[in-house]
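So the structure is just underneath, and the comments pick up after that.
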Amino acid sequence: QMQLAESGGGLVQPGGSLRVSCSVSDRTFDGGSMAWFRQAPGKEREFVAGVRLTDGITYHADSVKGRFTISRDNTKDTVYLQMNSLKVEDTAVYYCVASKRAYYNRAYYYRSDSFEYWGQGTQVTVSS
């Protein structure tokens, strides 16, 4: 069973930056899709950013476009989410997710049920 492990969450001031990482336990996993979702207290889980591992094409939610960037390092089997210009409303638990399917339709990345593998989540708190 493939496992995902997030790291890098923490407390940051508004306007600051943070990078969260997700490492994949299966080193043969290189042809599917990965993404980050987040869930704030009392709110629905929402898509943040995704990447198709076959060609590196990325997708970002409008709420984070221009501030967050998803990237991958295939040599380290790791996906990153670089978060800049953080806002209080970015406070949430951030989940790394993966699917062995390579999705070519952007809509699939917005659906949590598109991804069969989930990490345990890492807390990101933006507060002064």
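Every chain in the structure tokens takes a letter, A first, then B, and so on in the order presented; its residues are numbered from 1, and the ligands are numbered from 1 following the presented order.
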
Segment 23-25 of chain A environment, 12 Å, only C-alpha atoms, sequence neighbours closer than 5 positions dropped, as a PyMOL selection string: chain A and resi 1-8+30+34+72-81+95-100+117-120

The selected residues should be written to file as a compact mmCIF listing (two decimals), in the first residue's frame (atoms: N, CA, C and O atoms).
```txt
# COMPACT_ATOMS: atom_id res chain seq x y z
N GLN A 1 0.85 -1.18 0.00
CA GLN A 1 0.00 0.00 0.00
C GLN A 1 0.89 1.24 0.00
O GLN A 1 1.72 1.44 0.88
N MET A 2 0.72 2.06 -1.03
CA MET A 2 1.52 3.27 -1.12
C MET A 2 1.15 4.24 0.00
O MET A 2 -0.03 4.39 0.33
N GLN A 3 2.15 4.91 0.56
CA GLN A 3 1.90 5.87 1.63
C GLN A 3 2.45 7.23 1.27
O GLN A 3 3.46 7.34 0.57
N LEU A 4 1.77 8.26 1.76
CA LEU A 4 2.19 9.64 1.55
C LEU A 4 2.49 10.26 2.91
O LEU A 4 1.74 10.04 3.87
N ALA A 5 3.56 11.03 2.98
CA ALA A 5 3.93 11.65 4.24
C ALA A 5 4.20 13.13 4.02
O ALA A 5 5.11 13.50 3.27
N GLU A 6 3.37 13.97 4.66
CA GLU A 6 3.55 15.41 4.55
C GLU A 6 4.48 15.92 5.64
O GLU A 6 4.56 15.34 6.73
N SER A 7 5.15 17.02 5.35
CA SER A 7 5.98 17.69 6.35
C SER A 7 6.08 19.17 5.98
O SER A 7 5.76 19.56 4.85
N GLY A 8 6.50 19.97 6.95
CA GLY A 8 6.77 21.38 6.66
C GLY A 8 5.71 22.36 7.11
O GLY A 8 5.87 23.56 6.93
N ASP A 30 5.23 7.00 -10.77
CA ASP A 30 5.69 8.18 -11.49
C ASP A 30 4.77 8.56 -12.65
O ASP A 30 5.08 9.48 -13.39
N MET A 34 -0.96 13.95 -8.68
CA MET A 34 -0.89 14.30 -7.25
C MET A 34 -1.46 15.69 -7.06
O MET A 34 -1.52 16.49 -8.00
N ARG A 72 7.28 19.23 -8.43
CA ARG A 72 7.65 17.85 -8.14
C ARG A 72 9.15 17.68 -8.30
O ARG A 72 9.81 18.39 -9.06
N ASP A 73 9.69 16.73 -7.59
CA ASP A 73 11.08 16.32 -7.75
C ASP A 73 11.07 14.82 -7.91
O ASP A 73 10.99 14.09 -6.92
N ASN A 74 11.10 14.37 -9.15
CA ASN A 74 10.97 12.94 -9.40
C ASN A 74 12.14 12.15 -8.82
O ASN A 74 11.99 10.99 -8.45
N THR A 75 13.30 12.77 -8.72
CA THR A 75 14.46 12.05 -8.20
C THR A 75 14.30 11.75 -6.71
O THR A 75 14.90 10.80 -6.19
N LYS A 76 13.48 12.56 -6.04
CA LYS A 76 13.28 12.37 -4.60
C LYS A 76 11.88 11.85 -4.30
O LYS A 76 11.52 11.68 -3.13
N ASP A 77 11.09 11.59 -5.36
CA ASP A 77 9.72 11.12 -5.16
C ASP A 77 8.97 12.04 -4.20
O ASP A 77 8.31 11.58 -3.25
N THR A 78 9.09 13.32 -4.45
CA THR A 78 8.53 14.32 -3.56
C THR A 78 7.79 15.38 -4.36
O THR A 78 8.22 15.78 -5.44
N VAL A 79 6.67 15.83 -3.80
CA VAL A 79 5.92 16.94 -4.35
C VAL A 79 5.89 18.05 -3.31
O VAL A 79 5.75 17.78 -2.11
N TYR A 80 6.04 19.28 -3.78
CA TYR A 80 6.10 20.42 -2.88
C TYR A 80 4.93 21.37 -3.14
O TYR A 80 4.39 21.42 -4.25
N LEU A 81 4.59 22.13 -2.13
CA LEU A 81 3.66 23.25 -2.29
C LEU A 81 4.33 24.46 -1.66
O LEU A 81 4.45 24.54 -0.43
N TYR A 95 -3.58 18.48 2.97
CA TYR A 95 -3.45 17.06 2.68
C TYR A 95 -2.81 16.84 1.32
O TYR A 95 -3.21 17.45 0.33
N CYS A 96 -1.85 15.94 1.29
CA CYS A 96 -1.26 15.48 0.04
C CYS A 96 -2.05 14.27 -0.43
O CYS A 96 -2.38 13.38 0.38
N VAL A 97 -2.39 14.23 -1.71
CA VAL A 97 -3.18 13.13 -2.27
C VAL A 97 -2.54 12.65 -3.56
O VAL A 97 -1.81 13.39 -4.22
N ALA A 98 -2.84 11.40 -3.91
CA ALA A 98 -2.26 10.83 -5.12
C ALA A 98 -3.22 9.84 -5.76
O ALA A 98 -4.02 9.21 -5.07
N SER A 99 -3.09 9.73 -7.08
CA SER A 99 -3.82 8.72 -7.82
C SER A 99 -2.87 8.10 -8.83
O SER A 99 -2.02 8.79 -9.39
N LYS A 100 -3.04 6.82 -9.09
CA LYS A 100 -2.22 6.16 -10.11
C LYS A 100 -2.75 6.44 -11.51
O LYS A 100 -2.14 6.04 -12.49
N TYR A 117 -5.17 7.78 -2.64
CA TYR A 117 -4.16 7.78 -1.57
C TYR A 117 -4.13 9.15 -0.91
O TYR A 117 -4.08 10.18 -1.60
N TRP A 118 -4.14 9.14 0.42
CA TRP A 118 -4.17 10.38 1.20
C TRP A 118 -3.13 10.34 2.29
O TRP A 118 -2.93 9.32 2.95
N GLY A 119 -2.45 11.48 2.50
CA GLY A 119 -1.59 11.62 3.65
C GLY A 119 -2.41 11.98 4.88
O GLY A 119 -3.62 12.18 4.79
N GLN A 120 -1.75 12.06 6.01
CA GLN A 120 -2.44 12.35 7.27
C GLN A 120 -2.68 13.84 7.47
O GLN A 120 -3.47 14.22 8.34
```

If we count only C-alpha atoms and set the cut-off at 12 Å, which residues sit around Ser127 of chain A, ignoring sequence neighbours fewer than 2 positions away in its own chain? Please answer as a short mmCIF file (atom, residue, chain, number, x, y, z; two decimals) with N, CA and C atoms, in the first residue's frame.
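Result written to out23.cif:
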```
data_model
loop_
_atom_site.label_atom_id
_atom_site.label_comp_id
_atom_site.auth_asym_id
_atom_site.auth_seq_id
_atom_site.Cartn_x
_atom_site.Cartn_y
_atom_site.Cartn_z
N GLY A 10 3.33 24.55 9.81
CA GLY A 10 3.71 25.32 10.98
C GLY A 10 2.97 26.63 11.07
N LEU A 11 3.50 27.51 11.90
CA LEU A 11 2.91 28.83 12.14
C LEU A 11 3.70 29.88 11.38
N VAL A 12 3.00 30.75 10.68
CA VAL A 12 3.66 31.80 9.92
C VAL A 12 2.81 33.06 9.99
N GLN A 13 3.44 34.19 9.91
CA GLN A 13 2.71 35.46 9.96
C GLN A 13 2.08 35.78 8.60
N PRO A 14 1.02 36.55 8.60
CA PRO A 14 0.44 36.99 7.31
C PRO A 14 1.49 37.66 6.44
N GLY A 15 1.47 37.30 5.16
CA GLY A 15 2.46 37.82 4.22
C GLY A 15 3.71 36.98 4.12
N GLY A 16 3.83 36.00 5.00
CA GLY A 16 5.01 35.15 5.02
C GLY A 16 4.91 34.00 4.03
N LEU A 86 1.08 34.52 2.31
CA LEU A 86 0.05 33.79 3.03
C LEU A 86 -0.93 34.73 3.72
N LYS A 87 -2.19 34.30 3.75
CA LYS A 87 -3.26 35.06 4.38
C LYS A 87 -3.85 34.25 5.53
N VAL A 88 -4.51 34.93 6.43
CA VAL A 88 -5.13 34.25 7.56
C VAL A 88 -6.09 33.17 7.06
N GLU A 89 -6.78 33.44 5.97
CA GLU A 89 -7.75 32.47 5.44
C GLU A 89 -7.10 31.25 4.79
N ASP A 90 -5.77 31.22 4.69
CA ASP A 90 -5.08 30.01 4.23
C ASP A 90 -4.87 29.00 5.35
N THR A 91 -5.21 29.38 6.56
CA THR A 91 -5.09 28.48 7.70
C THR A 91 -5.96 27.25 7.49
N ALA A 92 -5.34 26.08 7.57
CA ALA A 92 -6.05 24.83 7.32
C ALA A 92 -5.11 23.65 7.55
N VAL A 124 -1.21 24.11 8.78
CA VAL A 124 -0.62 25.41 8.43
C VAL A 124 -1.49 26.47 9.09
N THR A 125 -0.85 27.28 9.92
CA THR A 125 -1.56 28.34 10.64
C THR A 125 -0.95 29.68 10.28
#
```

List as a PDB file with C-alpha atoms, in the first residue's frame the protein and nucleic acid residues near Ala49 of chain A, meaning an atom at most 6 Å away when only C-alpha atoms are counted, but skip any in the same chain fewer than 6 places from it.
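Writing done, so here's part23.pdb:
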```pdb
ATOM      1  CA  ALA A  35      -2.491  17.247  -5.553  1.00  0.00           C
ATOM      2  CA  TRP A  36      -2.910  19.238  -2.377  1.00  0.00           C
ATOM      3  CA  TYR A  59      -3.287  23.283 -11.930  1.00  0.00           C
ATOM      4  CA  HIS A  60      -3.994  25.827  -9.201  1.00  0.00           C
TER       5      HIS A  60
END
```

Those in segment 21-105 of chain A with strand (DSSP E or B) from DSSP, as an MDAnalysis selection string: chainID A and resid 21:24 33:39 46:52 58:60 68:73 78:83 92:99

Those same residues - C-alpha atoms - I'd like them written as an mmCIF file, in the first residue's frame.
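Final output, saved to selection-v9.cif:
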```cif
data_model
loop_
_atom_site.group_PDB
_atom_site.id
_atom_site.type_symbol
_atom_site.label_atom_id
_atom_site.label_comp_id
_atom_site.auth_asym_id
_atom_site.auth_seq_id
_atom_site.Cartn_x
_atom_site.Cartn_y
_atom_site.Cartn_z
ATOM 1 C CA SER A 21 6.458 18.609 1.211
ATOM 2 C CA CYS A 22 4.962 15.234 0.404
ATOM 3 C CA SER A 23 7.086 12.144 0.019
ATOM 4 C CA VAL A 24 5.818 9.009 -1.700
ATOM 5 C CA SER A 33 -1.518 12.567 -10.557
ATOM 6 C CA MET A 34 -0.888 14.297 -7.255
ATOM 7 C CA ALA A 35 -2.491 17.247 -5.553
ATOM 8 C CA TRP A 36 -2.910 19.238 -2.377
ATOM 9 C CA PHE A 37 -6.256 19.730 -0.686
ATOM 10 C CA ARG A 38 -6.955 21.727 2.450
ATOM 11 C CA GLN A 39 -9.649 21.856 5.071
ATOM 12 C CA GLU A 46 -11.114 22.165 -1.103
ATOM 13 C CA PHE A 47 -8.655 21.648 -3.922
ATOM 14 C CA VAL A 48 -5.524 23.788 -3.791
ATOM 15 C CA ALA A 49 -3.159 22.619 -6.534
ATOM 16 C CA GLY A 50 -2.396 19.540 -8.613
ATOM 17 C CA VAL A 51 0.244 18.125 -10.922
ATOM 18 C CA ARG A 52 0.144 15.472 -13.600
ATOM 19 C CA THR A 58 0.061 21.904 -13.017
ATOM 20 C CA TYR A 59 -3.287 23.283 -11.930
ATOM 21 C CA HIS A 60 -3.994 25.827 -9.201
ATOM 22 C CA PHE A 68 1.078 29.077 -4.324
ATOM 23 C CA THR A 69 3.086 26.819 -6.609
ATOM 24 C CA ILE A 70 3.023 23.048 -6.791
ATOM 25 C CA SER A 71 6.152 21.314 -8.039
ATOM 26 C CA ARG A 72 7.649 17.854 -8.137
ATOM 27 C CA ASP A 73 11.079 16.324 -7.745
ATOM 28 C CA THR A 78 8.528 14.320 -3.559
ATOM 29 C CA VAL A 79 5.917 16.943 -4.354
ATOM 30 C CA TYR A 80 6.101 20.421 -2.876
ATOM 31 C CA LEU A 81 3.657 23.248 -2.292
ATOM 32 C CA GLN A 82 5.389 26.605 -2.047
ATOM 33 C CA MET A 83 3.085 29.095 -0.358
ATOM 34 C CA ALA A 92 -6.053 24.826 7.322
ATOM 35 C CA VAL A 93 -4.875 21.254 7.435
ATOM 36 C CA TYR A 94 -3.169 20.555 4.131
ATOM 37 C CA TYR A 95 -3.453 17.062 2.683
ATOM 38 C CA CYS A 96 -1.264 15.480 0.037
ATOM 39 C CA VAL A 97 -3.177 13.132 -2.266
ATOM 40 C CA ALA A 98 -2.264 10.832 -5.124
ATOM 41 C CA SER A 99 -3.818 8.715 -7.825
#
```

Point-to-point distance in Å for atom CA of Gln123 of chain A and atom CA of Gly31 of chain A: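 Between atom CA of Gly31 of chain A and atom CA of Gln123 of chain A the gap works out to 27.9 Å.
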
Distance criterion (only C-alpha atoms): nearest to Ser85 of chain A out of A:Arg45, A:Leu18, A:Gly121, A:Gly32: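 Using only C-alpha atoms, the shortest distance to Ser85 of chain A belongs to A:Leu18.
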
Helix (DSSP H, G or I) positions in chain A, given as a ChimeraX atom specification: /A:88-90,106-109,112-114

Save the residues we just selected, C-alpha atoms, as a PDB file, in the first residue's frame?
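To be explicit, this is the file written out as part.pdb:
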```pdb
ATOM      1  CA  VAL A  88      -5.135  34.246   7.558  1.00  0.00           C
ATOM      2  CA  GLU A  89      -7.746  32.474   5.436  1.00  0.00           C
ATOM      3  CA  ASP A  90      -5.078  30.014   4.228  1.00  0.00           C
ATOM      4  CA  ARG A 106      -8.683  19.661 -15.002  1.00  0.00           C
ATOM      5  CA  ALA A 107     -12.029  18.924 -13.362  1.00  0.00           C
ATOM      6  CA  TYR A 108     -10.790  15.657 -11.887  1.00  0.00           C
ATOM      7  CA  TYR A 109      -8.244  17.485  -9.731  1.00  0.00           C
ATOM      8  CA  SER A 112     -11.346  14.563  -3.656  1.00  0.00           C
ATOM      9  CA  ASP A 113     -12.747  11.194  -4.768  1.00  0.00           C
ATOM     10  CA  SER A 114     -10.375  11.250  -7.770  1.00  0.00           C
TER      11      SER A 114
END
```

Between atom CA of Phe29 of chain A and atom CA of Gly66 of chain A - distance in Å to one decimal: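 Value for the atom CA of Gly66 of chain A-atom CA of Phe29 of chain A distance: 28.4 Å.
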
Pairwise distance for atom CA of Ser17 of chain A and atom CA of Glu116 of chain A, rounded to one decimal in Å: 29.1 Å
